[in-house]
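To be precise, the following lines are protein-v8.txt, and they hold compact mmCIF, C-alpha atoms and all ligand atoms.
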```txt
# COMPACT_ATOMS: atom_id res chain seq x y z
CA MET A 12 48.10 80.58 251.53
CA GLY A 13 51.28 79.03 250.13
CA LEU A 14 53.03 75.95 251.40
CA SER A 15 55.76 78.00 253.10
CA GLU A 16 53.13 79.86 255.14
CA LEU A 17 51.45 76.58 255.93
CA SER A 18 54.69 75.17 257.27
CA LYS A 19 54.92 78.03 259.79
CA LEU A 20 51.76 76.70 261.37
CA GLU A 21 53.63 73.58 262.35
CA ALA A 22 55.03 75.43 265.32
CA LEU A 23 51.50 75.84 266.67
CA ASN A 24 51.13 72.16 267.37
CA SER A 25 52.83 71.17 270.60
CA ASN A 26 54.57 67.88 270.96
CA LYS A 27 51.97 66.61 273.36
CA LEU A 28 48.94 66.40 271.07
CA ASP A 29 49.01 64.00 268.15
CA ILE A 30 46.55 64.29 265.28
CA ILE A 31 45.54 61.18 263.36
CA ILE A 32 43.24 61.29 260.35
CA LEU A 33 41.48 58.46 258.52
CA HIS A 34 40.87 59.22 254.88
CA SER A 35 40.16 57.56 251.53
CA GLN A 36 39.53 58.57 247.96
CA LYS A 37 36.42 56.43 247.41
CA GLY A 38 33.57 56.04 249.90
CA GLY A 39 33.02 53.06 252.15
CA PRO A 40 36.40 51.36 252.78
CA GLY A 41 36.06 51.56 256.57
CA LYS A 42 37.34 54.98 257.74
CA THR A 43 34.58 55.50 260.27
CA THR A 44 34.82 51.94 261.60
CA LEU A 45 38.58 52.23 261.98
CA SER A 46 38.64 55.77 263.37
CA CYS A 47 36.08 54.89 266.06
CA ASN A 48 38.00 51.75 266.99
CA ILE A 49 41.41 53.46 266.93
CA ALA A 50 40.13 56.32 269.11
CA HIS A 51 38.44 53.85 271.45
CA GLU A 52 41.64 51.80 271.77
CA LEU A 53 43.83 54.88 272.37
CA ALA A 54 41.43 55.96 275.14
CA LYS A 55 41.31 52.45 276.58
CA ARG A 56 45.08 52.63 276.96
CA GLY A 57 44.69 55.67 279.19
CA ASN A 58 45.15 58.45 276.61
CA LYS A 59 42.75 61.38 276.72
CA THR A 60 41.38 61.20 273.19
CA VAL A 61 38.84 63.12 271.12
CA LEU A 62 37.17 61.65 268.07
CA ILE A 63 35.91 64.30 265.64
CA ASP A 64 33.46 63.68 262.80
CA LEU A 65 34.68 65.60 259.76
CA ASP A 66 32.21 63.89 257.45
CA ILE A 67 29.76 66.75 257.63
CA ALA A 68 27.72 65.53 254.66
CA GLN A 69 27.05 62.15 256.30
CA PRO A 70 27.81 62.33 260.02
CA THR A 71 28.03 58.98 261.77
CA ILE A 72 29.93 58.96 265.04
CA GLN A 73 27.00 60.07 267.20
CA HIS A 74 25.12 56.98 265.95
CA ILE A 75 28.05 54.68 266.65
CA PHE A 76 28.31 55.97 270.23
CA HIS A 77 24.51 56.33 270.62
CA VAL A 78 24.48 60.04 271.47
CA PRO A 79 20.95 61.46 271.56
CA ASP A 80 20.47 64.58 269.39
CA GLU A 81 19.50 66.68 272.41
CA ASP A 82 22.93 66.06 273.97
CA ILE A 83 24.70 67.73 271.04
CA ALA A 84 25.02 71.44 271.76
CA ILE A 85 27.90 72.31 269.44
CA THR A 86 28.91 70.48 266.28
CA ILE A 87 32.06 70.59 264.22
CA ASN A 88 30.09 72.52 261.58
CA ASP A 89 29.41 75.32 264.11
CA ILE A 90 33.10 75.44 265.01
CA LEU A 91 34.43 75.44 261.44
CA LEU A 92 31.95 78.10 260.36
CA GLY A 93 32.77 80.28 263.36
CA GLU A 94 29.20 80.07 264.64
CA SER A 95 30.39 78.70 267.97
CA LYS A 96 33.67 79.06 269.74
CA VAL A 97 35.04 75.70 270.65
CA ASP A 98 34.63 75.16 274.38
CA GLU A 99 34.01 72.36 276.83
CA GLU A 100 30.36 72.17 275.83
CA ALA A 101 31.46 70.81 272.44
CA LEU A 102 33.04 67.74 274.02
CA ILE A 103 30.64 64.85 274.45
CA LYS A 104 31.49 62.27 277.07
CA THR A 105 31.34 58.56 276.32
CA GLU A 106 31.27 55.46 278.50
CA ASN A 107 35.07 55.52 278.41
CA SER A 108 36.08 58.43 280.62
CA ASN A 109 39.11 59.13 278.36
CA LEU A 110 37.12 59.28 275.13
CA PHE A 111 35.23 62.39 273.99
CA LEU A 112 33.40 63.13 270.76
CA ILE A 113 32.76 66.18 268.63
CA PRO A 114 29.98 65.16 266.21
CA ALA A 115 28.94 66.79 262.96
CA LYS A 116 25.48 67.59 261.68
CA GLU A 117 24.19 67.39 258.17
CA ASN A 118 24.35 70.89 256.84
CA VAL A 119 23.69 71.70 253.22
CA GLU A 120 24.86 75.27 253.71
CA TYR A 121 28.33 73.94 254.30
CA GLY A 122 28.39 72.27 250.92
CA GLU A 123 31.12 72.82 248.43
CA GLY A 124 28.93 74.74 245.98
CA LEU A 125 28.10 77.49 248.41
CA LEU A 126 31.50 77.41 250.00
CA SER A 127 33.13 78.29 246.75
CA LEU A 128 31.01 81.47 246.72
CA LEU A 129 31.93 82.56 250.21
CA GLU A 130 35.12 84.53 249.99
CA GLY A 131 37.69 83.68 252.60
CA ILE A 132 35.80 80.85 254.19
CA GLN A 133 38.29 78.22 253.13
CA GLN A 134 41.07 80.00 254.92
CA PHE A 135 38.81 80.72 257.87
CA SER A 136 37.89 77.10 258.22
CA PHE A 137 41.55 76.13 258.19
CA PHE A 138 42.33 78.53 261.01
CA ALA A 139 39.25 77.35 262.90
CA LEU A 140 40.74 73.88 262.77
CA HIS A 141 43.94 75.28 264.23
CA GLU A 142 42.14 77.17 266.97
CA MET A 143 40.42 73.93 267.86
CA THR A 144 43.77 72.13 268.03
CA LYS A 145 45.09 74.75 270.45
CA PHE A 146 41.95 74.43 272.58
CA LEU A 147 42.31 70.63 272.69
CA GLN A 148 45.93 71.05 273.79
CA ARG A 149 44.85 73.33 276.61
CA MET A 150 42.27 70.72 277.63
CA GLY A 151 45.07 68.16 278.02
CA PHE A 152 44.16 65.87 275.13
CA ARG A 153 46.82 63.43 273.96
CA TYR A 154 45.24 62.33 270.66
CA VAL A 155 42.75 63.73 268.18
CA VAL A 156 41.30 61.29 265.65
CA TYR A 157 39.51 62.79 262.66
CA ASP A 158 37.05 60.66 260.72
CA CYS A 159 37.19 62.37 257.31
CA ALA A 160 34.79 62.45 254.41
CA PRO A 161 36.05 60.56 251.36
CA GLY A 162 37.60 62.42 248.47
CA TYR A 163 38.76 65.97 248.01
CA ARG A 164 36.40 67.80 250.35
CA MET A 165 37.91 70.92 251.81
CA GLU A 166 37.66 69.88 255.45
CA SER A 167 39.34 66.52 254.77
CA VAL A 168 42.19 68.17 252.89
CA ASN A 169 42.60 70.74 255.68
CA ALA A 170 42.80 67.94 258.25
CA ALA A 171 45.33 66.13 256.05
CA ALA A 172 47.45 69.28 256.13
CA ILE A 173 47.63 69.49 259.93
CA ALA A 174 47.80 65.77 260.74
CA ASP A 175 50.74 64.02 262.35
CA ALA A 176 49.58 60.70 260.90
CA ARG A 177 47.40 60.15 257.85
CA VAL A 178 45.88 56.71 257.55
CA PHE A 179 44.63 56.00 254.07
CA VAL A 180 42.05 53.21 253.88
CA VAL A 181 41.84 51.16 250.69
CA ARG A 182 39.49 48.39 249.63
CA PRO A 183 40.85 45.40 247.71
CA SER A 184 39.43 46.56 244.37
CA THR A 185 41.08 48.03 241.30
CA PHE A 186 39.14 51.30 241.51
CA SER A 187 39.93 51.78 245.21
CA PHE A 188 43.61 51.09 244.46
CA GLU A 189 43.70 53.48 241.47
CA GLY A 190 41.91 56.12 243.54
CA ALA A 191 44.42 55.72 246.36
CA LYS A 192 47.35 56.25 244.02
CA GLN A 193 45.69 59.29 242.51
CA MET A 194 44.96 60.94 245.84
CA LEU A 195 48.36 60.19 247.32
CA THR A 196 49.95 61.88 244.32
CA ASP A 197 47.49 64.76 243.94
CA ILE A 198 47.13 65.84 247.54
CA TYR A 199 49.26 64.02 250.06
CA LYS A 200 52.61 64.53 248.38
CA LYS A 201 51.82 68.20 247.92
CA LEU A 202 50.90 68.62 251.58
CA ASP A 203 53.81 66.62 252.85
CA ILE A 204 55.03 69.03 255.43
CA ARG A 205 54.74 67.27 258.71
CA SER A 206 52.83 64.04 258.40
CA LEU A 207 53.60 60.38 258.51
CA ASN A 208 51.62 58.45 255.94
CA PHE A 209 50.11 55.01 256.40
CA PHE A 210 47.79 52.83 254.36
CA VAL A 211 45.75 49.77 255.12
CA PHE A 212 43.74 47.36 252.97
CA ASN A 213 40.39 46.67 254.65
CA GLN A 214 37.52 44.28 253.93
CA LEU A 215 39.53 41.42 252.41
CA PRO A 216 37.40 38.42 251.49
CA PRO A 217 38.33 35.13 253.18
CA ASP A 218 40.36 32.48 251.34
CA LEU A 219 41.71 34.68 248.55
CA LYS A 220 42.90 32.91 245.42
CA LYS A 221 46.69 32.75 245.31
CA GLU A 222 46.92 35.07 242.28
CA ASN A 223 44.72 37.68 243.97
CA ALA A 224 46.74 37.54 247.18
CA GLU A 225 49.86 38.07 245.06
CA LEU A 226 48.23 40.94 243.21
CA LEU A 227 47.48 42.68 246.50
CA GLU A 228 51.12 42.29 247.52
CA THR A 229 52.15 44.03 244.29
CA TRP A 230 49.65 46.85 244.96
CA GLN A 231 51.15 47.28 248.40
CA GLU A 232 54.65 47.58 246.89
CA GLU A 233 53.40 49.90 244.15
CA ILE A 234 51.88 52.35 246.63
CA ILE A 235 55.07 52.38 248.69
CA GLU A 236 57.23 52.94 245.60
CA LEU A 237 54.91 55.64 244.30
CA TYR A 238 55.10 57.58 247.52
CA LYS A 239 58.63 56.95 248.82
CA PRO A 240 59.47 53.98 250.97
CA GLU A 241 60.68 56.08 253.90
CA LYS A 242 57.55 58.24 253.94
CA ILE A 243 54.74 55.72 253.92
CA SER A 244 54.13 52.55 255.92
CA PHE A 245 51.79 49.67 255.31
CA LEU A 246 49.56 48.84 258.28
CA GLY A 247 48.39 45.49 256.99
CA PHE A 248 45.52 43.57 255.45
CA LEU A 249 42.29 43.53 257.47
CA PRO A 250 39.75 40.79 256.76
CA ILE A 251 36.08 41.37 256.25
CA SER A 252 34.48 40.18 259.46
CA PHE A 253 30.98 38.76 259.31
CA ASP A 254 30.84 38.97 263.13
CA ILE A 255 31.46 42.73 262.91
CA MET A 256 28.79 43.04 260.21
CA GLU A 257 26.35 41.13 262.38
CA LEU A 258 27.12 43.29 265.43
CA GLY A 259 26.39 46.32 263.25
CA ILE A 260 22.80 45.14 262.88
CA THR A 261 22.28 45.90 266.56
CA GLY A 262 24.30 49.11 266.48
CA LYS A 263 27.59 47.80 267.90
CA TYR A 264 30.69 48.89 266.00
CA ILE A 265 33.49 48.66 268.56
CA PHE A 266 35.42 45.44 267.94
CA PRO A 267 35.06 42.88 270.76
CA GLU A 268 38.42 41.79 272.15
CA SER A 269 37.67 38.23 271.07
CA ASP A 270 37.49 39.21 267.36
CA ASP A 271 40.50 38.76 265.05
CA LEU A 272 40.00 42.34 263.87
CA TYR A 273 40.64 43.56 267.41
CA VAL A 274 44.08 41.93 267.41
CA LYS A 275 44.90 43.62 264.08
CA LEU A 276 43.61 46.91 265.46
CA THR A 277 45.92 46.73 268.48
CA GLU A 278 48.87 46.17 266.12
CA ILE A 279 47.85 49.21 264.07
CA VAL A 280 47.54 51.37 267.18
CA ASP A 281 50.94 50.13 268.47
CA LYS A 282 52.58 51.13 265.17
CA LEU A 283 50.87 54.53 264.98
CA ILE A 284 51.92 55.42 268.53
CA LYS A 285 55.48 54.21 268.02
CA ASP A 286 56.05 55.91 264.66
CA ILE A 287 54.54 59.23 265.74
CA ASP A 288 56.63 59.24 268.93
CA GLU A 289 59.79 58.48 266.95
CA MET A 290 59.03 61.22 264.41
CA LYS A 291 58.50 63.77 267.18
CA LYS A 292 61.67 62.73 269.00
CA LYS A 293 63.66 63.25 265.78
CA LYS A 294 62.17 66.72 265.32
CA LYS A 295 63.22 67.85 268.80
N1 LIG B 1 36.66 44.79 258.18
C1 LIG B 1 35.34 44.89 258.11
N2 LIG B 1 34.55 43.80 258.23
C2 LIG B 1 33.22 43.88 258.11
N3 LIG B 1 32.55 45.01 257.89
C3 LIG B 1 33.27 46.15 257.78
C4 LIG B 1 34.70 46.15 257.88
N4 LIG B 1 35.12 47.42 257.71
C5 LIG B 1 34.02 48.17 257.52
N5 LIG B 1 32.91 47.41 257.55
C6 LIG B 1 31.52 47.83 257.29
O1 LIG B 1 31.51 48.46 256.00
C7 LIG B 1 30.61 49.56 255.99
C8 LIG B 1 31.37 50.83 255.60
O2 LIG B 1 32.29 51.11 256.63
P1 LIG B 1 32.53 52.61 257.13
O3 LIG B 1 31.25 53.34 257.30
O4 LIG B 1 33.45 52.53 258.30
O5 LIG B 1 33.30 53.16 255.86
P2 LIG B 1 33.70 54.68 255.53
O6 LIG B 1 35.00 54.62 254.80
O7 LIG B 1 33.65 55.50 256.75
O8 LIG B 1 32.53 55.09 254.54
P3 LIG B 1 32.18 56.59 254.03
O9 LIG B 1 33.19 56.88 252.94
O10 LIG B 1 30.79 56.47 253.51
O11 LIG B 1 32.36 57.51 255.19
C9 LIG B 1 30.00 49.62 257.39
O12 LIG B 1 28.77 48.96 257.35
C10 LIG B 1 31.00 48.87 258.27
O13 LIG B 1 30.37 48.27 259.39
MG MG B 2 32.64 57.27 257.14
```

Can the structure from this file be put into structure tokens for me?
Amino acid sequence: MGLSELSKLEALNSNKLDIIILHSQKGGPGKTTLSCNIAHELAKRGNKTVLIDLDIAQPTIQHIFHVPDEDIAITINDILLGESKVDEEALIKTENSNLFLIPAKENVEYGEGLLSLLEGIQQFSFFALHEMTKFLQRMGFRYVVYDCAPGYRMESVNAAAIADARVFVVRPSTFSFEGAKQMLTDIYKKLDIRSLNFFVFNQLPPDLKKENAELLETWQEEIIELYKPEKISFLGFLPISFDIMELGITGKYIFPESDDLYVKLTEIVDKLIKDIDEMKKKKK
């Protein structure tokens, strides 16, 4: 499928449903933490939201929301492989009545090695993602948040292609920064059909030395210049929070309102909502 054909698919997405993905080149910068908290915050504000685990090699969201295995009838793997049609049974309720989950399950058969042998499956999986988007529209969802796997996995790249907003998460380290630049150039620019692009630095140590703080400012500018200033926005620097790490020991990953990270999260969500709305208004 060429890019011109891909762009025709844009028409399939109505103005009412916004798709946000969290992605990174390297593992571990905080995609899952941020996607769960962004989805939770969107739902808390009254938006019907679904959080989908696209990290099928290492699924996590069912653990974050404490969903017992026996409650998971349909996973994203089943939907993308065409083994289950997406229906209401796939949507798992949470304590927040506006927030639903579609978890993944570890599935070696869905690995890249085998995938490359299965003719047509890449395209199929892309259309399955689209069918799911149409189903979620019919169900009245306002936001879909995809927690992607790091790197160039097919399902992450597919989600990047259909997203309204792509949030790229970067750690304050040279390899995370170099990886971010590489992926933005290799994939994002090439798939730049409909999406807004954002990036955020997460897990900043406290009390940075002045020269390191300055270096991070230059990285921020470099990423913006590399992409194009009008096509990518910086969402900010998020500190490493020892309170959040400690809460994780007892299985709590949603930021308490009293935590500084929660305040930063609300600012991120404000900006995502505002920028997506503005982009869609312009397109009308
Ligand atoms: N700002 C933060 N402060 C403290 N801990 C954090 C912060 N952000 C993420 N973490 C912790 O860092 C670890 C990795 O985060 P997370 O699982 O969200 O990253 P990820 O990008 O989804 O990783 P993967 O690439 O493996 O999917 C987790 O233990 C999480 O609780
Ligand atoms: Mg993750």

Please report, as a Markdown table, each residue of chain A lying at most 6 Å from ligand LIG 1 (chain B), together with the nearest pair of atoms and the separation in Å rounded to one decimal; use only C-alpha atoms and all ligand atoms, and order rows by chain and ascending residue number.
```
| residue | atom | partner | partner_atom | distance |
| --- | --- | --- | --- | --- |
| A:Gly38 | CA | B:LIG1 | O9 | 3.2 |
| A:Gly39 | CA | B:LIG1 | O8 | 3.2 |
| A:Pro40 | CA | B:LIG1 | O6 | 4.1 |
| A:Gly41 | CA | B:LIG1 | O5 | 3.3 |
| A:Lys42 | CA | B:LIG1 | O6 | 3.8 |
| A:Thr43 | CA | B:LIG1 | O7 | 3.6 |
| A:Thr44 | CA | B:LIG1 | O4 | 3.6 |
| A:Ala160 | CA | B:LIG1 | O11 | 5.6 |
| A:Pro161 | CA | B:LIG1 | O9 | 4.9 |
| A:Asn213 | CA | B:LIG1 | N1 | 5.5 |
| A:Gln214 | CA | B:LIG1 | N1 | 4.4 |
| A:Leu249 | CA | B:LIG1 | N1 | 5.8 |
| A:Pro250 | CA | B:LIG1 | N1 | 5.3 |
| A:Ile251 | CA | B:LIG1 | N2 | 3.5 |
| A:Ser252 | CA | B:LIG1 | N2 | 3.8 |
| A:Phe253 | CA | B:LIG1 | C2 | 5.7 |
| A:Ile255 | CA | B:LIG1 | C2 | 5.2 |
| A:Met256 | CA | B:LIG1 | N3 | 4.8 |
| A:Gly259 | CA | B:LIG1 | O13 | 5.9 |
```

Fill in the blank from the handout: Between A:Ile284, A:Arg177, A:Gln73, A:Pro114, smallest distance to Leu28 in chain A by only C-alpha atoms belongs to A:Ile284

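Close contacts of Leu246 in chain A, defined as residues with an atom at most 12 Å away when counting only C-alpha atoms, with chain neighbours fewer than 4 positions off set aside, comprise A:Arg177, A:Val178, A:Phe179, A:Val180, A:Val181, A:Asn208, A:Phe209, A:Phe210, A:Val211, A:Phe212, A:Asn213, A:Gln231, A:Ile235, A:Lys275, A:Leu276, A:Thr277, A:Glu278, A:Ile279, A:Val280, A:Asp281, A:Lys282, A:Leu283, A:Asp286.
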
Practice task
Would you list the contacts of range 65-69 of chain A as a count of residues only, taking every protein, DNA or RNA residue within 6 Å and counting all atoms listed in the file, but skipping same-chain residues closer than 6 positions in sequence?
Solution key: 6

Practice task
Figure out the distance between CA of Leu207 in chain A and CA of Ile243 in chain A, please, to one decimal in Å.
Solution key: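 About the pair CA of Ile243 in chain A and CA of Leu207 in chain A: they are 6.6 Å apart.
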
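Here CA of Tyr154 in chain A is placed at a distance of 21.6 Å from CA of His77 in chain A.
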
Handout entry: Who sits within 8 Å of Thr60 in chain A, only C-alpha atoms, same chain under 2 positions skipped, as a list in words
Key =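 That gives Ala50, Leu53, Ala54, Asn58, Leu62, Asn109, Leu110, Phe111, Phe152, Arg153, Tyr154, Val155 and Val156 of chain A.
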
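Checking A:Asp82, A:Ile31, A:Glu225, A:Leu91 one by one against Lys104 in chain A, counting only C-alpha atoms, you find the shortest gap at A:Asp82.
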
Exercise for the section: Tell me which of A:Leu45, A:Ala191, A:Ile83, A:Val61 sits closest to Asn107 in chain A, counting all atoms listed in the file. Expected result: A:Val61

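Using all atoms listed in the file, the smallest distance between any of A:Ser167, A:Ile90, A:Asp29, A:Ile287 and ligand MG 2 (chain B) comes from A:Ser167.
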
Handout entry: Separation of CA of Arg205 in chain A from CA of Lys294 in chain A in Å
Key =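 Taking CA of Lys294 in chain A and CA of Arg205 in chain A, their separation equals 10.0 Å.
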
Problem - From A:Arg56, A:His74, A:His51, A:Lys192, residue lying nearest ligand MG 2 (chain B) [only C-alpha atoms and all ligand atoms] - result: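 Between A:Arg56, A:His74, A:His51, A:Lys192, the residue approaching ligand MG 2 (chain B) most closely is A:His74.
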
Handout entry: Nearest to ligand MG 2 (chain B) by atom-to-atom distance, counting only C-alpha atoms and all ligand atoms, from A:Ile103, A:Ile63, A:Leu227, A:Leu147
Key =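 Ranked by minimum distance to ligand MG 2 (chain B), first place goes to A:Ile63.
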
For range 244-256 of chain A, take all atoms listed in the file, fit an axis-aligned box around them, add 3 Å to each of the six sides, then output centre and edge lengths in Å rounded to one decimal, as AutoDock Vina command-line options.
```
--center_x 41.5 --center_y 45.7 --center_z 259.2 --size_x 31.3 --size_y 19.8 --size_z 13.8
```

With the input short on atoms, add N, CA, C and O atoms back to range 273-290 of chain A and write it as a PDB file, keeping the file's coordinate frame.
```
ATOM      1  N   TYR A 273      40.145  42.807 266.252  1.00  0.00           N
ATOM      2  CA  TYR A 273      40.640  43.560 267.410  1.00  0.00           C
ATOM      3  C   TYR A 273      42.160  43.398 267.540  1.00  0.00           C
ATOM      4  O   TYR A 273      42.881  44.360 267.803  1.00  0.00           O
ATOM      5  N   VAL A 274      42.634  42.179 267.308  1.00  0.00           N
ATOM      6  CA  VAL A 274      44.080  41.930 267.410  1.00  0.00           C
ATOM      7  C   VAL A 274      44.807  42.783 266.371  1.00  0.00           C
ATOM      8  O   VAL A 274      45.808  43.441 266.662  1.00  0.00           O
ATOM      9  N   LYS A 275      44.284  42.796 265.144  1.00  0.00           N
ATOM     10  CA  LYS A 275      44.900  43.620 264.080  1.00  0.00           C
ATOM     11  C   LYS A 275      44.863  45.097 264.464  1.00  0.00           C
ATOM     12  O   LYS A 275      45.808  45.835 264.216  1.00  0.00           O
ATOM     13  N   LEU A 276      43.746  45.509 265.059  1.00  0.00           N
ATOM     14  CA  LEU A 276      43.610  46.910 265.460  1.00  0.00           C
ATOM     15  C   LEU A 276      44.673  47.288 266.492  1.00  0.00           C
ATOM     16  O   LEU A 276      45.285  48.355 266.410  1.00  0.00           O
ATOM     17  N   THR A 277      44.916  46.404 267.447  1.00  0.00           N
ATOM     18  CA  THR A 277      45.920  46.730 268.480  1.00  0.00           C
ATOM     19  C   THR A 277      47.305  46.875 267.829  1.00  0.00           C
ATOM     20  O   THR A 277      48.079  47.736 268.229  1.00  0.00           O
ATOM     21  N   GLU A 278      47.568  46.055 266.802  1.00  0.00           N
ATOM     22  CA  GLU A 278      48.870  46.170 266.120  1.00  0.00           C
ATOM     23  C   GLU A 278      48.976  47.515 265.390  1.00  0.00           C
ATOM     24  O   GLU A 278      50.030  48.156 265.383  1.00  0.00           O
ATOM     25  N   ILE A 279      47.859  47.915 264.779  1.00  0.00           N
ATOM     26  CA  ILE A 279      47.850  49.210 264.070  1.00  0.00           C
ATOM     27  C   ILE A 279      48.086  50.348 265.068  1.00  0.00           C
ATOM     28  O   ILE A 279      48.883  51.252 264.825  1.00  0.00           O
ATOM     29  N   VAL A 280      47.402  50.293 266.188  1.00  0.00           N
ATOM     30  CA  VAL A 280      47.540  51.370 267.180  1.00  0.00           C
ATOM     31  C   VAL A 280      48.976  51.383 267.745  1.00  0.00           C
ATOM     32  O   VAL A 280      49.579  52.453 267.888  1.00  0.00           O
ATOM     33  N   ASP A 281      49.536  50.199 268.000  1.00  0.00           N
ATOM     34  CA  ASP A 281      50.940  50.130 268.470  1.00  0.00           C
ATOM     35  C   ASP A 281      51.853  50.860 267.489  1.00  0.00           C
ATOM     36  O   ASP A 281      52.710  51.645 267.878  1.00  0.00           O
ATOM     37  N   LYS A 282      51.676  50.563 266.195  1.00  0.00           N
ATOM     38  CA  LYS A 282      52.580  51.130 265.170  1.00  0.00           C
ATOM     39  C   LYS A 282      52.383  52.646 265.059  1.00  0.00           C
ATOM     40  O   LYS A 282      53.375  53.389 264.960  1.00  0.00           O
ATOM     41  N   LEU A 283      51.126  53.085 265.082  1.00  0.00           N
ATOM     42  CA  LEU A 283      50.870  54.530 264.980  1.00  0.00           C
ATOM     43  C   LEU A 283      51.552  55.263 266.134  1.00  0.00           C
ATOM     44  O   LEU A 283      52.255  56.262 265.928  1.00  0.00           O
ATOM     45  N   ILE A 284      51.347  54.754 267.348  1.00  0.00           N
ATOM     46  CA  ILE A 284      51.920  55.420 268.530  1.00  0.00           C
ATOM     47  C   ILE A 284      53.443  55.457 268.423  1.00  0.00           C
ATOM     48  O   ILE A 284      54.073  56.504 268.615  1.00  0.00           O
ATOM     49  N   LYS A 285      54.016  54.312 268.063  1.00  0.00           N
ATOM     50  CA  LYS A 285      55.480  54.210 268.020  1.00  0.00           C
ATOM     51  C   LYS A 285      56.060  55.142 266.952  1.00  0.00           C
ATOM     52  O   LYS A 285      56.991  55.904 267.216  1.00  0.00           O
ATOM     53  N   ASP A 286      55.488  55.101 265.753  1.00  0.00           N
ATOM     54  CA  ASP A 286      56.050  55.910 264.660  1.00  0.00           C
ATOM     55  C   ASP A 286      55.878  57.406 264.925  1.00  0.00           C
ATOM     56  O   ASP A 286      56.775  58.199 264.623  1.00  0.00           O
ATOM     57  N   ILE A 287      54.745  57.797 265.472  1.00  0.00           N
ATOM     58  CA  ILE A 287      54.540  59.230 265.740  1.00  0.00           C
ATOM     59  C   ILE A 287      55.536  59.680 266.814  1.00  0.00           C
ATOM     60  O   ILE A 287      56.171  60.728 266.698  1.00  0.00           O
ATOM     61  N   ASP A 288      55.677  58.869 267.861  1.00  0.00           N
ATOM     62  CA  ASP A 288      56.630  59.240 268.930  1.00  0.00           C
ATOM     63  C   ASP A 288      58.045  59.376 268.379  1.00  0.00           C
ATOM     64  O   ASP A 288      58.753  60.325 268.694  1.00  0.00           O
ATOM     65  N   GLU A 289      58.422  58.420 267.522  1.00  0.00           N
ATOM     66  CA  GLU A 289      59.790  58.480 266.950  1.00  0.00           C
ATOM     67  C   GLU A 289      59.969  59.718 266.091  1.00  0.00           C
ATOM     68  O   GLU A 289      60.994  60.392 266.151  1.00  0.00           O
ATOM     69  N   MET A 290      58.932  60.037 265.267  1.00  0.00           N
ATOM     70  CA  MET A 290      59.030  61.220 264.410  1.00  0.00           C
ATOM     71  C   MET A 290      59.205  62.473 265.273  1.00  0.00           C
ATOM     72  O   MET A 290      60.020  63.340 264.990  1.00  0.00           O
TER      73      MET A 290
END
```
